[in-house]
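Structure, as structure tokens:
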There are 2 protein chains.
Amino acid sequence: MSFTVTILGSGAALPTAQRQPTSQYISCNDRHLLIDCGEGTQTQLRKAGIKLQKINHIFISHLHGDHYFGLVGLLSSMHLLGRDAGINVYGPKELEQIIRLQLEIGGAKIGFPLNFHPTFNDTKRKLFEDKMIEVWSFPLKHKIPTTGFLVQEKPKERSILGEEFKNAQLSLTAIPKFRKGENFIDENGVEFDYNDFTFPPKPSFSYAFCSDTAYHTALCEYINNVTVLYHEATFLEKDKERAKATFHSTALQAAEIALKSNVKKLLLGHLSARYESDQAHQIEAAALFPLARVVKDLETIIIRF
Amino acid sequence: MSFTVTILGSGAALPTAQRQPTSQYISCNDRHLLIDCGEGTQTQLRKAGIKLQKINHIFISHLHGDHYFGLVGLLSSMHLLGRDAGINVYGPKELEQIIRLQLEIGGAKIGFPLNFHPTFNDTKRKLFEDKMIEVWSFPLKHKIPTTGFLVQEKPKERSILGEEFKNAQLSLTAIPKFRKGENFIDENGVEFDYNDFTFPPKPSFSYAFCSDTAYHTALCEYINNVTVLYHEATFLEKDKERAKATFHSTALQAAEIALKSNVKKLLLGHLSARYESDQAHQIEAAALFPLARVVKDLETIIIRF
């Protein structure tokens, strides 16, 4: 089991030779997720050696082309490669119309169920959960309705101290309570402290994706304490007026959000094509938040570290 | 002045590491045209060192995604780069709806006029002409309405033999007639043969694009005598049943079309991802039509040679 994110594209609206439009592949406890799907994502997946058919959940943050123009092409390729397993697509409701129109006009019937789930940018909402992970959306502040996404491992249960439990000769019905961190009261009314019979669970890791967004401290509550935060840093602080006008952030602002949200690590992406190098972004963010790093296309970052 | 085609993508529906989806850039007498615009075309243009803003006519053959999914992204990038010159897009009428829907939902107002010209696949039709070139569409035989495109230099005028003209002391009004290859009759009713006062013009070159299409000899009349023909060769002859079922062609069928159309050179593309090498396509086509060649992404072919 692992929890990693592979950066497929870390560019902004204008792709460059170094940075393709936004897309990220997340592998979390054998779940395979895609966040955003800019033009060329299927080619980037191929370059990264990721099998398209593993992906079964695709989350689209908003309907600017650099975040979804690769989606219908990816779905078409999945079909051509013989997929029959259903796929779940989450995004603003108009996305469904775009997908179905393009498939219909092209005369393409994809041979697998396409389950569309509209997203809403009013508050934090759970989009998906199973026994291992949860995925949430939460509002960002951008020109058009946009959500961030939070992928987190579910809290794990505490582990039983076998010897102590055996010696106390308690009922087996105590075990589920202890694992959840609750005390157990036996038939005589005696209370047993779970701390005496368990040790803490392994920590749960989490990853938050915030792109595209203006500097927006309201989002800190949604991403508080996450392990790794990816926050857009389209601009540098010297261009912060431009950032404000276009509802984007600077590298320093991304670092401020990371600091206020008490995250462990910060990844910076969505860099404007106007900057020839990412050195200044790196320096600007790390001055405030040392564990900040500008990502590169096709690199994989380990979240459970 | 030059007449060249740069292959931006020569793959079929499934892009590979070697072949991107269909797109070609044509430079003809200072006109800059794009034929088809599969996903990733703007990145391929950048790799080929072609400035996006030079392009002012885009021709889309049909609405399978591998021929147009890069179009709205390209238009968006042209806008972001500050374009104000209008652009002409030619394609099946539903394409306009797709473009406008995607721009509208993304809240994007592009800052230049987008002139949409619907194409029809009933017969050969002139889409564009100016004093130097003409572009025509003509019907192909595919699963959905599809056209090929013919780009040709206009016939050049004959050149005047200065000495002979001067010696005959003819009226200057004879010149336009002679240049067009018409005889001149003076005020006394004497007829002067244009052959005596002119020499033939330089030949005009032409390029035809035929993708996607089943083997379809009816198209030979539309492309008769072209200098360079690009014809799809999705399959090999051993898979011709598959070609027929999917309305595609084999390399041998492409060569047959080239032969029947009396073209000078044949370029093969749109190769299926199922073939690991293009050697067999090359051999199969060249056995019948020696001047056949499988193209590669990012190569430029000189049409006026």
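Just so we're on the same page: first chain in the structure tokens is A, next is B, and so on; residues restart at 1 for each chain, and ligands are numbered from 1 in the order they show up.
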Handout entry: Surrounding residues of Ile58 (chain B) excluding itself and chain neighbours under 3 positions, 10 Å, only C-alpha atoms, as a VMD selection string
Key = chain B and resid 24 to 25 32 to 37 55 61 71 87 to 91 116
Practice task
Kindly determine which residues of chain A lie within 9 Å of chain B, considering only C-alpha atoms, and give the answer as number ranges by chain.
Solution key: A: 13-17, 20, 39-40, 42-43, 46-47, 62-66, 69-70, 72-73, 76-77, 80-81, 94-95, 98, 101-103, 105-108, 143-144
Please save C-alpha atoms of the selected residues as a CSV table (one decimal), in the first residue's frame.
```csv
chain,number,residue,atom,x,y,z
A,13,ALA,CA,-3.0,28.2,-19.0
A,14,LEU,CA,-0.2,28.3,-21.6
A,15,PRO,CA,1.7,25.0,-21.8
A,16,THR,CA,5.4,25.2,-22.1
A,17,ALA,CA,8.1,22.7,-23.1
A,20,GLN,CA,2.0,20.7,-19.4
A,39,GLU,CA,-4.9,18.7,-22.8
A,40,GLY,CA,-2.3,15.9,-23.3
A,42,GLN,CA,-3.2,10.7,-21.7
A,43,THR,CA,0.2,11.2,-23.3
A,46,ARG,CA,1.8,7.1,-20.9
A,47,LYS,CA,5.2,8.8,-20.3
A,62,HIS,CA,-13.2,23.8,-12.8
A,63,LEU,CA,-14.0,24.4,-16.4
A,64,HIS,CA,-11.1,26.3,-17.6
A,65,GLY,CA,-9.7,24.4,-20.6
A,66,ASP,CA,-6.2,23.8,-19.1
A,69,PHE,CA,-9.5,19.6,-22.3
A,70,GLY,CA,-7.8,16.1,-22.1
A,72,VAL,CA,-12.9,13.3,-23.5
A,73,GLY,CA,-9.8,12.1,-25.3
A,76,SER,CA,-12.1,7.7,-25.8
A,77,SER,CA,-8.8,6.0,-25.4
A,80,LEU,CA,-10.5,2.0,-27.6
A,81,LEU,CA,-8.4,0.0,-25.2
A,94,GLU,CA,-21.9,21.7,-17.2
A,95,LEU,CA,-19.0,19.2,-17.7
A,98,ILE,CA,-19.7,18.9,-22.8
A,101,LEU,CA,-22.1,16.4,-26.7
A,102,GLN,CA,-18.6,15.5,-27.9
A,103,LEU,CA,-19.2,11.8,-27.7
A,105,ILE,CA,-21.2,14.3,-32.3
A,106,GLY,CA,-18.3,12.0,-32.8
A,107,GLY,CA,-20.7,9.1,-33.1
A,108,ALA,CA,-18.8,7.5,-30.3
A,143,LYS,CA,-13.1,33.5,-11.7
A,144,ILE,CA,-15.6,30.6,-12.2
```
Handout entry: Non-local contacts of Leu267 (chain A) (12 Å; only C-alpha atoms; under 2 positions in same chain excluded) as a ChimeraX atom specification
Key = /A:5-7,10,207-211,227-233,251,254-255,257-258,263-265,269-271,281-282,285-286,289-296,299-303
Can those selected residues be exported to a file as a compact mmCIF listing (two decimals), in the first residue's frame so that it contains C-alpha atoms?
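Contents of selection.txt, as written:
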```txt
# COMPACT_ATOMS: atom_id res chain seq x y z
CA VAL A 5 0.98 11.79 -6.26
CA THR A 6 2.47 11.92 -9.75
CA ILE A 7 2.53 15.36 -11.35
CA SER A 10 2.21 21.65 -13.49
CA TYR A 207 -3.29 15.33 0.39
CA ALA A 208 -5.01 18.56 -0.60
CA PHE A 209 -5.14 20.07 -4.08
CA CYS A 210 -5.81 23.82 -4.37
CA SER A 211 -5.72 25.05 -7.95
CA THR A 227 0.23 16.00 5.22
CA VAL A 228 0.93 17.47 1.80
CA LEU A 229 -0.67 20.53 0.25
CA TYR A 230 -0.44 21.31 -3.45
CA HIS A 231 -1.22 24.99 -3.87
CA GLU A 232 -1.08 26.97 -7.05
CA ALA A 233 1.64 29.63 -7.34
CA ALA A 251 4.34 31.70 -4.24
CA ALA A 254 0.78 29.76 -1.13
CA ALA A 255 3.36 29.57 1.68
CA ILE A 257 -1.78 29.31 3.35
CA ALA A 258 0.47 26.34 4.13
CA VAL A 263 0.42 21.40 6.76
CA LYS A 264 3.59 19.31 6.78
CA LYS A 265 4.79 19.90 3.25
CA GLY A 269 2.62 24.34 -9.23
CA HIS A 270 0.53 26.00 -11.95
CA LEU A 271 3.42 28.35 -12.72
CA HIS A 281 9.10 30.76 -6.73
CA GLN A 282 11.15 28.27 -4.73
CA ALA A 285 7.92 30.29 -0.71
CA ALA A 286 10.68 28.55 1.24
CA PHE A 289 7.67 27.87 4.72
CA PRO A 290 10.89 25.87 4.46
CA LEU A 291 9.25 22.60 3.38
CA ALA A 292 7.98 24.17 0.19
CA ARG A 293 9.01 22.83 -3.20
CA VAL A 294 8.16 23.63 -6.81
CA VAL A 295 7.14 20.41 -8.55
CA LYS A 296 8.20 19.23 -11.99
CA GLU A 299 7.83 13.48 -10.82
CA THR A 300 6.23 11.34 -8.13
CA ILE A 301 5.94 12.63 -4.58
CA ILE A 302 5.52 10.26 -1.67
CA ILE A 303 2.81 11.44 0.68
```
Exercise for the section: For region 131-142 of chain B, list every protein, DNA or RNA residue within 8 Å, evaluated using only C-alpha atoms, and leave out those in the same chain fewer than 5 positions away; present the list as a PyMOL selection string. Expected result: chain B and resi 28-29+119-126+147-154+210-216+219+222+246-248
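Residues with any atom within 10 Å of Glu182 (chain B), counting only C-alpha atoms and excluding same-chain neighbours fewer than 6 positions away, are Ala174, Ile175, Pro176, Phe192, Asp193, Tyr194 and Asn195 of chain B.
Coordinates place CA of Thr22 (chain A) at a distance of 17.1 Å from CA of Thr250 (chain A).
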Exercise for the section: Go through region 64-189 of chain B and collect every residue that DSSP, computed from the backbone, puts in strand (DSSP E or B); the answer should be as a count of residues only. Expected result: 33
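When CA of Val190 (chain A) is paired with CA of Lys202 (chain A), their separation reads 29.0 Å.
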Problem - Expected answer as a ChimeraX atom specification: alpha helix (DSSP H) residues in region 156-292 of chain B - result: /B:162-168,174-180,220-223,240-245,251-260,279-288
Fill in the blank from the handout: One decimal place gives the CA of Ala280 (chain B)-CA of Ser23 (chain B) separation as 23.0 Å
